[in-house]
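Asker: Okay, here's the structure, questions in a sec.
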Amino acid sequence: MIFRPDNGITPLTDSFGRVHKNLRISVTDRCNIRCFYCMPESVEFLPHQEILTFEEISKIVRVVAAAGVDRIRITGGEPLVRSQIHRLIEMIREIDGIVDIAITTNAILLQDQAQQLKDAGLDRLNISLDTLDPKRFQQIARRKGLEKVLRGIDRAQEVGFKDIRINTVALAGITDSEIVPLAHFAREKNLTLRFIEFMPLDGDQAWEGDQVINGENIRRVIASQVGALLPNETAHRSQPSVDFHYADGRGIVGFINSVTSPFCAACDRLRITADGRLRNCLFGTEEWNLINPMRNGCSDQSLLESIRLGISKKKAGHGTDDVQFQRPHRAMYQIGG
Ligand code: SAM
Ligand code: SF4
């Protein structure tokens, strides 16, 4: 079947009219650190044979690209621990219709892989960094590694990655004092800083509402202690981050206030887990198995129908503020952040 996005294939629209253009692919549930807000300390990982191959991932991308998905994010677990991950980037780069390929990484292995990723055609990098203090890094990640992350950021800039974004999970009682230093660090290095509210997706299931630092409070701290902020009007509507630029023109800071101010109304995202399940929402409790049909030789058309079914069941919002809210049975590292 030959698909063309402009050739009569219905876009991936849910029952609320949201058109899905953004696919996040988890390539592994493994990781080289153990952030407490994501993974438990001791984990049983998926066996290798249950993980989507690069060919299977490429097939999914080709099928959804034909129906209008044009942006791909590779995530995990830690995507850079997946062997030859740059090969997957090369394969996706070849697919018609894909205009943007990004990776979210903890950057521990980035120093060694940045050039390969750039050469493979990766467009953008989001790097997770919650603290500039080595001890606090170890407290959060339960492993050492800050130096490697910082070297990875430098290397990524050296090989030519532009518009690198730093993702920072703000943790009450742990990283309150990191907000201002991180903002200065990002401005000095010409990095976009994004604060993410801590969501109830930790592997230990120990999340409490009072551990969340409200993004709006962070914005006030930065505006008063770092520099005046002006709203960024250019952002894409489906972008979860509310971005501001510094009035002096030196940098951008954004806020992903998923807990205090959900952005579900404009959500255009789909997710594929490392073991080949489609999820229509980070907080969803339902999944659609794509790996089994693919391994049984299903056609592109039937794969697309399974994906459409998952999208058709997407709810209006994630409902974390609802008393009926049920945590997904999988944690962030198993879903793909
Ligand atoms: N290992 C990579 C990394 O850390 O960048 C990619 C996967 S990680 C699950 C993706 C993003 O999710 C990271 O920026 C991480 O900080 C964020 N994250 C993980 N658990 C979270 C939680 N409970 N609440 C908010 N963000 C979380
Ligand atoms: Fe690993 Fe990323 Fe989860 Fe931290 S947030 S444990 S780096 S997958």
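The way I read the labels, and the way they are meant: chains A, B, ... in the order of the structure tokens, residue 1 as the first residue of every chain, and ligand 1 as the first ligand shown, with later ones counted on from there.
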Quick one: pick out all helix (DSSP H, G or I) residues within region 89-201 of chain A from a backbone DSSP run and write them as a VMD selection string.
Answerer: chain A and resid 89 to 93 110 to 120 134 to 141 146 to 158 176 to 189
Asker: Could you write out that same residue set with N, CA and C atoms as a compact mmCIF listing (two decimals), in the first residue's frame?
Answerer:
# COMPACT_ATOMS: atom_id res chain seq x y z
N ILE A 89 17.78 6.38 13.88
CA ILE A 89 17.58 7.76 13.40
C ILE A 89 17.74 7.80 11.88
N GLU A 90 18.77 7.11 11.40
CA GLU A 90 19.00 7.07 9.94
C GLU A 90 17.79 6.48 9.22
N MET A 91 17.24 5.43 9.80
CA MET A 91 16.10 4.77 9.14
C MET A 91 14.87 5.68 9.13
N ILE A 92 14.64 6.37 10.24
CA ILE A 92 13.46 7.26 10.30
C ILE A 92 13.66 8.46 9.37
N ARG A 93 14.91 8.90 9.29
CA ARG A 93 15.22 10.05 8.43
C ARG A 93 14.83 9.81 6.97
N LEU A 110 26.12 10.89 26.04
CA LEU A 110 26.03 11.78 24.88
C LEU A 110 27.39 12.21 24.34
N GLN A 111 28.34 12.35 25.25
CA GLN A 111 29.65 12.81 24.79
C GLN A 111 30.16 11.89 23.66
N ASP A 112 29.99 10.61 23.85
CA ASP A 112 30.49 9.65 22.86
C ASP A 112 29.59 9.53 21.63
N GLN A 113 28.32 9.86 21.76
CA GLN A 113 27.39 9.57 20.65
C GLN A 113 26.93 10.81 19.88
N ALA A 114 27.26 12.00 20.39
CA ALA A 114 26.69 13.22 19.80
C ALA A 114 26.99 13.32 18.30
N GLN A 115 28.23 13.05 17.92
CA GLN A 115 28.59 13.20 16.50
C GLN A 115 27.82 12.21 15.62
N GLN A 116 27.74 10.95 16.10
CA GLN A 116 27.01 9.92 15.34
C GLN A 116 25.54 10.32 15.17
N LEU A 117 24.96 10.85 16.23
CA LEU A 117 23.54 11.23 16.18
C LEU A 117 23.34 12.38 15.20
N LYS A 118 24.25 13.32 15.24
CA LYS A 118 24.17 14.46 14.32
C LYS A 118 24.29 13.97 12.88
N ASP A 119 25.28 13.10 12.66
CA ASP A 119 25.50 12.59 11.29
C ASP A 119 24.31 11.77 10.81
N ALA A 120 23.62 11.12 11.75
CA ALA A 120 22.48 10.28 11.37
C ALA A 120 21.26 11.11 10.99
N PRO A 134 26.60 17.89 42.31
CA PRO A 134 26.85 16.45 42.13
C PRO A 134 26.18 15.58 43.20
N LYS A 135 26.16 16.07 44.45
CA LYS A 135 25.55 15.25 45.51
C LYS A 135 24.05 15.13 45.31
N ARG A 136 23.44 16.26 44.93
CA ARG A 136 21.99 16.23 44.73
C ARG A 136 21.64 15.38 43.50
N PHE A 137 22.52 15.44 42.50
CA PHE A 137 22.32 14.59 41.32
C PHE A 137 22.26 13.14 41.77
N GLN A 138 23.20 12.76 42.62
CA GLN A 138 23.26 11.37 43.07
C GLN A 138 22.04 11.02 43.94
N GLN A 139 21.60 11.99 44.71
CA GLN A 139 20.40 11.77 45.55
C GLN A 139 19.18 11.49 44.65
N ILE A 140 19.06 12.23 43.56
CA ILE A 140 17.90 12.07 42.67
C ILE A 140 18.06 10.83 41.79
N ALA A 141 19.25 10.70 41.18
CA ALA A 141 19.45 9.65 40.17
C ALA A 141 19.91 8.33 40.79
N LEU A 146 26.79 13.54 37.04
CA LEU A 146 26.61 14.94 36.61
C LEU A 146 27.71 15.40 35.65
N GLU A 147 28.96 15.04 35.97
CA GLU A 147 30.07 15.48 35.10
C GLU A 147 29.88 15.03 33.66
N LYS A 148 29.43 13.77 33.53
CA LYS A 148 29.23 13.21 32.17
C LYS A 148 28.12 13.97 31.45
N VAL A 149 27.06 14.30 32.19
CA VAL A 149 25.95 15.04 31.57
C VAL A 149 26.45 16.38 31.06
N LEU A 150 27.24 17.07 31.89
CA LEU A 150 27.71 18.40 31.49
C LEU A 150 28.65 18.30 30.29
N ARG A 151 29.47 17.25 30.28
CA ARG A 151 30.35 17.06 29.12
C ARG A 151 29.53 16.73 27.88
N GLY A 152 28.46 15.97 28.08
CA GLY A 152 27.58 15.61 26.96
C GLY A 152 26.93 16.85 26.35
N ILE A 153 26.52 17.78 27.20
CA ILE A 153 25.90 19.02 26.69
C ILE A 153 26.92 19.80 25.87
N ASP A 154 28.13 19.93 26.40
CA ASP A 154 29.16 20.68 25.67
C ASP A 154 29.45 20.04 24.32
N ARG A 155 29.55 18.73 24.34
CA ARG A 155 29.88 18.01 23.10
C ARG A 155 28.75 18.19 22.06
N ALA A 156 27.51 18.12 22.54
CA ALA A 156 26.37 18.27 21.61
C ALA A 156 26.43 19.65 20.95
N GLN A 157 26.79 20.65 21.72
CA GLN A 157 26.89 21.99 21.12
C GLN A 157 28.06 22.06 20.14
N GLU A 158 29.16 21.40 20.54
CA GLU A 158 30.34 21.41 19.64
C GLU A 158 30.04 20.79 18.28
N ASP A 176 14.42 23.05 45.09
CA ASP A 176 13.95 24.45 45.14
C ASP A 176 15.12 25.42 44.91
N SER A 177 16.26 25.10 45.54
CA SER A 177 17.39 26.03 45.44
C SER A 177 18.15 25.89 44.12
N GLU A 178 17.71 25.00 43.25
CA GLU A 178 18.38 24.79 41.95
C GLU A 178 17.81 25.68 40.86
N ILE A 179 16.64 26.24 41.14
CA ILE A 179 15.91 26.95 40.08
C ILE A 179 16.74 28.10 39.52
N VAL A 180 17.23 28.94 40.40
CA VAL A 180 17.96 30.13 39.94
C VAL A 180 19.31 29.75 39.30
N PRO A 181 20.12 28.88 39.94
CA PRO A 181 21.37 28.49 39.29
C PRO A 181 21.16 27.84 37.92
N LEU A 182 20.14 27.01 37.79
CA LEU A 182 19.89 26.37 36.49
C LEU A 182 19.50 27.41 35.44
N ALA A 183 18.73 28.41 35.87
CA ALA A 183 18.32 29.45 34.92
C ALA A 183 19.55 30.23 34.44
N HIS A 184 20.46 30.55 35.36
CA HIS A 184 21.68 31.26 34.94
C HIS A 184 22.53 30.38 34.02
N PHE A 185 22.66 29.12 34.41
CA PHE A 185 23.45 28.16 33.62
C PHE A 185 22.91 28.11 32.18
N ALA A 186 21.59 27.96 32.06
CA ALA A 186 20.98 27.83 30.73
C ALA A 186 21.21 29.10 29.91
N ARG A 187 21.07 30.25 30.55
CA ARG A 187 21.27 31.51 29.83
C ARG A 187 22.71 31.64 29.34
N GLU A 188 23.64 31.28 30.24
CA GLU A 188 25.05 31.41 29.85
C GLU A 188 25.40 30.48 28.70
N LYS A 189 24.79 29.30 28.69
CA LYS A 189 25.15 28.31 27.66
C LYS A 189 24.23 28.36 26.45
Asker: Sorted by chain and rising residue number, which residues of chain A lie within 8 Å of ligand 1, and what are their closest atom pairs and distances in Å to one decimal, counting only C-alpha atoms and all ligand atoms, as CSV?
Answerer:
residue,atom,partner,partner_atom_place_in_ligand_line,distance
A:Ser26,CA,ligand 1,7 (C),8.0
A:Cys31,CA,ligand 1,1 (N),6.5
A:Cys35,CA,ligand 1,20 (N),7.5
A:Tyr37,CA,ligand 1,23 (N),4.5
A:Cys38,CA,ligand 1,20 (N),3.9
A:Met39,CA,ligand 1,20 (N),7.7
A:Thr75,CA,ligand 1,6 (C),4.8
A:Gly76,CA,ligand 1,7 (C),4.4
A:Gly77,CA,ligand 1,1 (N),4.8
A:Glu78,CA,ligand 1,1 (N),3.7
A:Pro79,CA,ligand 1,1 (N),6.5
A:Ile103,CA,ligand 1,6 (C),7.8
A:Thr104,CA,ligand 1,5 (O),4.6
A:Thr105,CA,ligand 1,5 (O),3.6
A:Asn106,CA,ligand 1,5 (O),4.2
A:Ala107,CA,ligand 1,5 (O),7.4
A:Asn126,CA,ligand 1,5 (O),6.9
A:Ile127,CA,ligand 1,5 (O),5.5
A:Ser128,CA,ligand 1,5 (O),4.5
A:Leu129,CA,ligand 1,16 (O),7.3
A:Asp130,CA,ligand 1,16 (O),7.6
A:Asn167,CA,ligand 1,14 (O),5.0
A:Thr168,CA,ligand 1,16 (O),6.1
A:Val169,CA,ligand 1,16 (O),5.4
A:Ile196,CA,ligand 1,25 (C),5.8
A:Glu197,CA,ligand 1,25 (C),5.6
A:Phe198,CA,ligand 1,24 (N),3.8
A:Met199,CA,ligand 1,24 (N),3.7
A:Pro200,CA,ligand 1,23 (N),5.4
A:Leu201,CA,ligand 1,23 (N),4.3
A:Asp202,CA,ligand 1,23 (N),4.7
A:Trp207,CA,ligand 1,23 (N),7.8
A:Ala331,CA,ligand 1,23 (N),7.8
A:Met332,CA,ligand 1,9 (C),5.1
A:Tyr333,CA,ligand 1,9 (C),4.7
A:Gln334,CA,ligand 1,9 (C),7.9
A:Ile335,CA,ligand 1,9 (C),7.6
A:Gly336,CA,ligand 1,9 (C),5.2
A:Gly337,CA,ligand 1,10 (C),3.7
Asker: Please determine, counting only C-alpha atoms, which residue among A:Ala274, A:Ala65, A:Met294, A:Cys267 has the shortest atom-to-atom distance to Gly17 (chain A).
Answerer: A:Cys267
Asker: Using only C-alpha atoms, which residues sit within 9 Å of Asn257 (chain A) once same-chain residues fewer than 3 positions away are excluded, as a ChimeraX atom specification?
Answerer: /A:195-198,214-216,240-242,260-263
Asker: As a PyMOL selection string, please: the residues near Asn289 (chain A) (cut-off 8 Å, only C-alpha atoms, same-chain neighbours under 2 positions excluded).
Answerer: chain A and resi 276-278+287+291-293
Asker: Generate the output file for the selected residues, C-alpha atoms, as an mmCIF file, in the first residue's frame.
Answerer:
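out30.cif, written as the output of this step:
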data_model
loop_
_atom_site.group_PDB
_atom_site.id
_atom_site.type_symbol
_atom_site.label_atom_id
_atom_site.label_comp_id
_atom_site.auth_asym_id
_atom_site.auth_seq_id
_atom_site.Cartn_x
_atom_site.Cartn_y
_atom_site.Cartn_z
ATOM 1 C CA GLY A 276 5.152 -2.256 21.066
ATOM 2 C CA ARG A 277 1.978 -1.051 22.752
ATOM 3 C CA LEU A 278 0.179 2.045 21.549
ATOM 4 C CA GLU A 287 -2.948 -0.016 25.561
ATOM 5 C CA ILE A 291 3.885 -5.917 18.231
ATOM 6 C CA ASN A 292 1.939 -9.184 18.027
ATOM 7 C CA PRO A 293 0.013 -8.323 14.861
#
Asker: Using only C-alpha atoms and all ligand atoms for the distances, tell me which of A:Arg143, A:Lys162, A:Arg194, A:Arg308 is nearest to ligand 2.
Answerer: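 For ligand 2, the nearest of the candidates is A:Arg143.
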Asker: Just how far from CA of Ile272 (chain A) is CA of Thr53 (chain A), in Å to one decimal?
Answerer: 12.5 Å
Asker: Could you work out how far CA of Gly317 (chain A) lies from CA of Leu230 (chain A), giving the answer in Å with one decimal?
Answerer: 28.2 Å
Asker: Go through region 111-174 of chain A and collect every residue that DSSP, computed from the backbone, puts in strand (DSSP E); the answer should be as a list in words.
Answerer: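 Matching residues for strand (DSSP E) in region 111-174 of chain A are Arg124, Leu125, Asn126, Ile127, Ser128, Arg165, Ile166, Asn167, Thr168, Val169 and Ala170 of chain A.
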Asker: Kindly save the residues from that selection, with N, CA and C atoms included, as an mmCIF file, in the first residue's frame.
Answerer:
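Output contents, as saved in selection-v2.cif:
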data_model
loop_
_atom_site.group_PDB
_atom_site.id
_atom_site.type_symbol
_atom_site.label_atom_id
_atom_site.label_comp_id
_atom_site.auth_asym_id
_atom_site.auth_seq_id
_atom_site.Cartn_x
_atom_site.Cartn_y
_atom_site.Cartn_z
ATOM 1 N N ARG A 124 16.992 17.415 16.902
ATOM 2 C CA ARG A 124 16.960 18.146 18.175
ATOM 3 C C ARG A 124 17.195 17.225 19.349
ATOM 4 N N LEU A 125 17.661 17.841 20.438
ATOM 5 C CA LEU A 125 17.957 17.116 21.673
ATOM 6 C C LEU A 125 17.262 17.783 22.853
ATOM 7 N N ASN A 126 16.601 16.986 23.671
ATOM 8 C CA ASN A 126 16.168 17.454 24.992
ATOM 9 C C ASN A 126 17.010 16.698 26.007
ATOM 10 N N ILE A 127 17.614 17.416 26.904
ATOM 11 C CA ILE A 127 18.503 16.793 27.887
ATOM 12 C C ILE A 127 17.938 17.023 29.278
ATOM 13 N N SER A 128 17.845 15.939 30.030
ATOM 14 C CA SER A 128 17.266 16.055 31.361
ATOM 15 C C SER A 128 18.353 16.402 32.370
ATOM 16 N N ARG A 165 17.286 21.740 24.480
ATOM 17 C CA ARG A 165 16.403 22.061 25.613
ATOM 18 C C ARG A 165 16.790 21.241 26.826
ATOM 19 N N ILE A 166 16.800 21.878 27.949
ATOM 20 C CA ILE A 166 17.072 21.194 29.208
ATOM 21 C C ILE A 166 15.729 20.961 29.897
ATOM 22 N N ASN A 167 15.439 19.703 30.200
ATOM 23 C CA ASN A 167 14.212 19.365 30.947
ATOM 24 C C ASN A 167 14.562 19.247 32.423
ATOM 25 N N THR A 168 13.878 19.991 33.249
ATOM 26 C CA THR A 168 14.149 19.948 34.687
ATOM 27 C C THR A 168 12.872 19.596 35.434
ATOM 28 N N VAL A 169 12.890 18.475 36.136
ATOM 29 C CA VAL A 169 11.755 18.150 36.997
ATOM 30 C C VAL A 169 11.990 18.885 38.317
ATOM 31 N N ALA A 170 11.042 19.739 38.661
ATOM 32 C CA ALA A 170 11.196 20.531 39.886
ATOM 33 C C ALA A 170 10.601 19.741 41.055
#
Asker: Using only C-alpha atoms for the distances, tell me which of A:Val63, A:Cys281, A:Leu122, A:Leu303 is nearest to Gly97 (chain A).
Answerer: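 For Gly97 (chain A), the nearest of the candidates is A:Val63.
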Asker: If I take CA of Arg142 (chain A) and CA of Asp210 (chain A), how far is one from the other in Å, to one decimal?
Answerer: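 These atoms are spaced 21.6 Å apart.
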